[in-house]
2 protein chains.
Amino acid sequence: MGARETRQQIVDVADRLFYEQGFETTSFADIAASVGLSRGNFYYHFKTKDEILDAVIVQRVANTRSMLMAWEQEAVSPTECIRRFIRILIANRPKIMAYGCPVGTLCNELAKLKHVAKDDATGPFALFRDWLGRQFVRLGRKKDADALALHLLMRSQGIATLATAFGDVDFIDREVADMEAWLHSQRPASPNADSLQPA
Amino acid sequence: MGARETRQQIVDVADRLFYEQGFETTSFADIAASVGLSRGNFYYHFKTKDEILDAVIVQRVANTRSMLMAWEQEAVSPTECIRRFIRILIANRPKIMAYGCPVGTLCNELAKLKHVAKDDATGPFALFRDWLGRQFVRLGRKKDADALALHLLMRSQGIATLATAFGDVDFIDREVADMEAWLHSQRPASPNADSLQPA
DNA sequence: GTCTATAATCCGATAGAC
DNA sequence: GTCTATCGGATTATAGAC
């Protein structure tokens, strides 16, 4: 197998294990074993654990960016775009209930570790924030677009944390419905801003 | 020093370190050094790390319970009670921005570890949930009291996570104000339910 | 109740053969 | 590029002197 494929496998496995087990808990041996690699060979691809973390964060940011770009091209209205963000909680419900949000939990862990990559880990958050803000601008809420974006991000994080803690399957549904009701109560400043949205 | 005082010191230090560094990251040596105890003597008081975790959780639940009982006796109206809960975010802002919420971050960590104390760690959440639910019942919202309680808990968790991630000092103020506005928009079903509340 | 000494294990990381 | 072997250090935990 080529070095590039092996490296990609390592990043994919590390991405999953950092999410499911946490960054510090996941050892080189865990990743190597899950890839089917010897510990020794591992260091041919990554010199330190922090290098793997950087690679995982870079990949998450890239994946998030391309997902958001695709959503913006597929979904016609800003309201529909925002709704797609909200529905992440439904689409990923099983994993969220087991492990929380990949971004939020990693940020929390790295903050406690005072890790150098602490700020880099917020990258996906920053992308969501900018993208959601852009949707609210399109909705005619230019003045408070960023605050509204942070508000939605805040809600999704709170829902993820409580869903993990309580393991209540109905809770996510209820709060997602409440978020969508909130979204539709946000009246656009200019009446035609979301004219393409159905009904 | 007596065994009880030493044990109490260990629990206090462990409580702080589990919060600031995380549970797994904190070693026996860390706790022992911070108390000023040798590693060997440590095992006289606690046999395993899980025993310390249990003691920390028990103490947190006890502290939360007495805090909520005191609030209920001091604050006259349910609205004022709920507002005290919301204001936790202001009172603990510096620590929250550095380390997040002690309960939420511990629950997240233990969930990833599939730790046996995973469910016990939600104890303070359950207390807040019941207590907030009781306030909403007093407000005349008996039917959806629990959902409203979870909604407030959810918001406080989301605010804590984003405050830690972005380090934005104004964000907490803005969202706390929004929470209080939300609270006052929750009309009581029976008009005199919150009659003791000032203005 | 407190200490030193130490066992057993696992960690991240390196060296070197193939 | 992959392997085995291993180092130095940190970890949880125990035994036993004082």
# chains A, B, ... in the order shown; residues from 1 in each chain; ligands from 1

call {"tool": "residues_around", "arguments": {"residues": "Arg129 of chain B", "least_positions_apart": "2", "cutoff": "9 Å", "atoms": "only C-alpha atoms (C1' of nucleotides)", "output": "MDAnalysis selection string"}}
result
chainID B and resid 124:127 131:134 146 149:150 152:153

call {"tool": "interface_residues", "arguments": {"of": "chain B", "to": "chain A", "cutoff": "9 Å", "atoms": "only C-alpha atoms", "output": "JSON, numbers by chain"}}
result
{"B": [19, 20, 21, 22, 24, 25, 98, 99, 100, 104, 105, 107, 108, 109, 111, 112, 113, 114, 118, 119, 121, 122, 125, 126, 147, 150, 151, 153, 154, 155, 156, 157, 158, 159, 160, 161, 162, 164, 165, 166, 171, 174, 175]}

call {"tool": "interface_residues", "arguments": {"of": "chain C", "to": "chain A", "cutoff": "10 Å", "atoms": "only C-alpha atoms (C1' of nucleotides)", "output": "list in words"}}
result
DC10, DC11, DG12, DA13 and DT14 of chain C

call {"tool": "write_last_selection", "arguments": {"atoms": "C-alpha atoms (C1' of nucleotides)", "output": "mmCIF file, in the first residue's frame"}}
result
data_model
loop_
_atom_site.group_PDB
_atom_site.id
_atom_site.type_symbol
_atom_site.label_atom_id
_atom_site.label_comp_id
_atom_site.auth_asym_id
_atom_site.auth_seq_id
_atom_site.Cartn_x
_atom_site.Cartn_y
_atom_site.Cartn_z
ATOM 1 C "C1'" DC C 10 1.371 1.373 29.429
ATOM 2 C "C1'" DC C 11 2.735 5.501 27.221
ATOM 3 C "C1'" DG C 12 5.141 8.205 23.283
ATOM 4 C "C1'" DA C 13 9.061 7.792 20.673
ATOM 5 C "C1'" DT C 14 13.586 5.771 18.482
#

call {"tool": "select_by_dssp", "arguments": {"residues": "segment 105-143 of chain A", "states": "helix (DSSP H, G or I)", "output": "VMD selection string"}}
result
chain A and resid 105 to 113 116 to 118 120 to 138

call {"tool": "atom_distance", "arguments": {"atom1": "atom CA of Arg4 of chain A", "atom2": "atom CA of Thr26 of chain A"}}
result
22.2 Å

call {"tool": "closest_atom_pairs", "arguments": {"of": "chain D", "to": "chain B", "cutoff": "9 Å", "atoms": "only C-alpha atoms (C1' of nucleotides)", "output": "CSV"}}
result
residue,atom,partner,partner_atom,distance
D:DT11,C1',B:Ser27,CA,7.7
D:DT12,C1',B:Phe28,CA,8.0
D:DA13,C1',B:Thr48,CA,8.3
D:DT14,C1',B:Gly40,CA,9.0
